[in-house]
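J.: Take a look at the following structure, please.
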Number of protein chains: 2
Amino acid sequence: MKIGELAERTRLAPSQIRFYESIGLLKMVRRQPNGYRSYPPEAVLVLNLIVTGQKAGFSLDELRRLLPSDLAQWEHGRLLDALRDKVQDIAAFETRLAQSKAQLVALIAEIEARPDDIDCATNAKRVLSRMGLCETQSPTLVAGDIKALGKAKRRRVAGAG
Amino acid sequence: MKIGELAERTRLAPSQIRFYESIGLLKMVRRQPNGYRSYPPEAVLVLNLIVTGQKAGFSLDELRRLLPSDLAQWEHGRLLDALRDKVQDIAAFETRLAQSKAQLVALIAEIEARPDDIDCATNAKRVLSRMGLCETQSPTLVAGDIKALGKAKRRRVAGAG
DNA sequence: CTTGACATTAAAGTTAACTTTAAAGTCAAA
DNA sequence: TTTGACTTTAAAGTTAACTTTAATGTCAAG
């Protein structure tokens with residue numbers, strides 16, 4: 001199958017598929033006599049696997065180290081380890097998220113509970129000090145910040161030219 | 001206070017503080033006669049607020065729109081709305097995380113439950129098809145991916161020169 | 001009066017995961 | 001035979017949130 005069809009079947013952009021190849025993530029590709037890329041049906045599986053892996057928090061770099069070029073050659077040990085590590089990461093992240101949410105909820109409550117007889121500035125300071133924002137909260141830095149919560153942007157609809 | 005002290009008190013890098021100023025996020029800064037930046041004590045509050053906001057998933061861009069230059073001029077309405085929106089975002093994200101984790105756990109179980117009498121390739125295919133990786137899982141794209149789960153990298157320890 | 005720590009600037013570099021652009025070749029169909 | 005859809009490439013652009021670099025200025029202390 002050519003890149004267009006693969007793109008359609010995986011709902012990825014052709015440029016994305018070429019990119020994955022360029023970084024050594026997708027190696028199952030041959031060339032037709034005319035130079036066009038030619039993919040086996042399993043390429044769909046692998047690309048879906050990559051997408052799934054990304055959704056689970058694996059970087060393309062991690063995935064490259066994890067996914068063998070040959071589907072028949074999975075290193076079960078390393079793979080399972082990585083999966084378990086990632087589950088741990090997610091659990092830790094869930095904790096951090098819960099904390100952030102709790103803090104936001106508390107902040108909202110704090111702001112809403114404004115005594116009504118004090119002005120904005122005073123209330124602002126009250127809220128800030130109550131929330132412990134005056135002191136550094138986490139002395140030890142936690143790896144990875146919540147980058148993913150930003151607004152959705154330029155998202156292209158594949159195949160809707 | 002000069003930038004060095006502010007950096008120490010907030011545990012941010014001076015370059016970071018200058019950067020925040022450059023994008024219009026931190027406006028409470030004057031200049032000494034010699035050209036050095038001079039910050040009021042409230043700058044510590046604001047920077048901590050920014051850091052906290054980031055941890056809760058706000059982008060610097062969102063924070064800029066949300067935080068007024070003057071602490072006494074909080075727009076409670078817009079602020080509360082934004083906070084509630086963010087709580088929603090986090091909740092949605094928690095759901096996605098939980099799904100990802102469940103999928104990973106199921107995947108681990110699936111791999112471990114390998115019948116032992118079949119080879120790697122066959123098992124791989126069995127796992128892949130069982131996990132539904134052959135079909136596109138989410139037809140509609142969800143905004144925001146889990147970028148934050150990547151490995152921790154170059155993290156500088158402020159003040160440990 | 002020199003040293004060292006700190007400050008300034010503009011501009012370029014970093015990372016991840018892609019997309020966009022530009023210039024060109026391929027190919028089935030009208 | 002000329003569209004038009006699809007393909008190729010290398011290289012540059014994008015975004016966020018910073019850092020690094022380089023060249024220079026300030027200032028308290030020895």
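We label chains A, B, ... in the order they appear in the structure tokens, count residues from 1 in each chain, and number ligands from 1 in the order shown.
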For segment 10-21 of chain D, please output as a list in words all residues within 8 Å (counting only C-alpha atoms (C1' of nucleotides); exclusion window: fewer than 4 positions along the same chain).

T.: Ser15, Gln16 and Phe19 of chain B; DA12, DG13, DT14, DT19, DT20 and DT21 of chain C

J.: Residues of chain B within 12 Å of chain D, using only C-alpha atoms (C1' of nucleotides), as a list in words?

T.: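 That gives the following set of residues: Leu12, Ala13, Pro14, Ser15, Gln16, Ile17, Arg18, Phe19, Tyr20, Ser22, Ile23, Gln32, Pro33, Asn34, Gly35, Tyr36, Gln54, Ser59, Leu60, Asp61, Arg154, Arg155 and Arg156 of chain B.
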
J.: What's the separation between atom CA of Glu94 of chain A and atom CA of Ala98 of chain B, in Å to one decimal place?

T.: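 For atom CA of Glu94 of chain A relative to atom CA of Ala98 of chain B, the distance reads 8.1 Å.
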
J.: In Å to one decimal, how far is atom CA of Val29 of chain B from atom C1' of DC6 of chain C?

T.: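 The value is 17.9 Å.
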
J.: What's the separation between atom C1' of DA17 of chain C and atom CA of Ala56 of chain A, in Å to one decimal place?

T.: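 That distance, rounded to one decimal, is 15.7 Å.
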
J.: When you count only C-alpha atoms (C1' of nucleotides), which of these residues is closest to chain C: B:Glu75, B:Glu62, B:Ala7, B:Lys2?

T.: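 Using only C-alpha atoms (C1' of nucleotides), the shortest distance to chain C belongs to B:Lys2.
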
J.: Taking only C-alpha atoms (C1' of nucleotides) into account, name the residue in B:Leu66, B:Gly24, B:Val44, B:Ser38 that is nearest to chain C.

T.: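 Checking each of B:Leu66, B:Gly24, B:Val44, B:Ser38 against chain C, counting only C-alpha atoms (C1' of nucleotides), the winner is B:Ser38.
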
J.: Tell me as an NGL selection string which residues belonging to chain C come within 10 Å of chain B, counting only C-alpha atoms (C1' of nucleotides).

T.: :C and (6-8 or 16)

J.: Keeping only N, CA, C and O atoms (P, O5', C5', C4', C3', O3' and C1' of nucleotides), write those residues as an mmCIF file, in the first residue's frame.

T.:
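The resulting file, selection.cif, is reproduced below:
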data_model
loop_
_atom_site.group_PDB
_atom_site.id
_atom_site.type_symbol
_atom_site.label_atom_id
_atom_site.label_comp_id
_atom_site.auth_asym_id
_atom_site.auth_seq_id
_atom_site.Cartn_x
_atom_site.Cartn_y
_atom_site.Cartn_z
ATOM 1 P P DC C 6 26.826 36.021 43.318
ATOM 2 O "O5'" DC C 6 26.120 37.071 42.342
ATOM 3 C "C5'" DC C 6 25.617 38.267 42.900
ATOM 4 C "C4'" DC C 6 25.502 39.324 41.834
ATOM 5 C "C3'" DC C 6 24.375 39.124 40.820
ATOM 6 O "O3'" DC C 6 23.231 39.861 41.233
ATOM 7 C "C1'" DC C 6 26.333 40.169 39.911
ATOM 8 P P DA C 7 21.907 39.695 40.383
ATOM 9 O "O5'" DA C 7 22.088 40.697 39.147
ATOM 10 C "C5'" DA C 7 21.909 42.101 39.347
ATOM 11 C "C4'" DA C 7 22.263 42.869 38.084
ATOM 12 C "C3'" DA C 7 21.486 42.498 36.833
ATOM 13 O "O3'" DA C 7 20.299 43.242 36.766
ATOM 14 C "C1'" DA C 7 23.789 42.855 36.363
ATOM 15 P P DT C 8 19.297 42.883 35.575
ATOM 16 O "O5'" DT C 8 20.034 43.430 34.261
ATOM 17 C "C5'" DT C 8 20.261 44.818 34.108
ATOM 18 C "C4'" DT C 8 20.837 45.112 32.735
ATOM 19 C "C3'" DT C 8 20.117 44.435 31.588
ATOM 20 O "O3'" DT C 8 19.041 45.217 31.127
ATOM 21 C "C1'" DT C 8 22.480 44.228 31.344
ATOM 22 P P DA C 16 13.724 15.664 22.776
ATOM 23 O "O5'" DA C 16 12.178 15.774 22.429
ATOM 24 C "C5'" DA C 16 11.271 16.243 23.421
ATOM 25 C "C4'" DA C 16 9.899 16.316 22.819
ATOM 26 C "C3'" DA C 16 9.622 15.221 21.788
ATOM 27 O "O3'" DA C 16 8.327 14.693 22.025
ATOM 28 C "C1'" DA C 16 9.394 17.372 20.785
#

J.: What's around Met28 of chain A at 9 Å? Count only C-alpha atoms (C1' of nucleotides), leave out sequence neighbours fewer than 4 positions away in its own chain, and write the answer as number ranges by chain.

T.: A: 21, 38-40, 42-43, 69-70

J.: Could you check which of B:Arg78, B:Arg114, B:Lys55, B:Arg65 is closest to chain A, using only C-alpha atoms?

T.: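 Answer, going by the shortest atom-to-atom distance: B:Lys55.
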
J.: Calculated over only C-alpha atoms, which of the candidates B:Leu79, B:Ile118, B:Leu45, B:Val51 has the smallest distance to chain A?

T.: B:Leu45

J.: Which residues are near segment 80-92 of chain A? Cut-off 9 Å, only C-alpha atoms (C1' of nucleotides), ignore same chain within fewer than 5 positions. Put them as a VMD selection string.

T.: (chain A and resid 56 to 58 62 66 75 97) or (chain B and resid 97 to 98 100 to 102 104 to 105 107 to 108 111 to 112 149 to 150)

J.: What parts of segment 14-105 of chain B does DSSP call strand (DSSP E)? I'd like the answer as a ChimeraX atom specification.

T.: /B:30-31,37-38

J.: Would you mind telling me which residue in B:Thr52, B:Arg64, B:Pro41, B:Val127 lies nearest to chain A when using only C-alpha atoms?

T.: B:Thr52
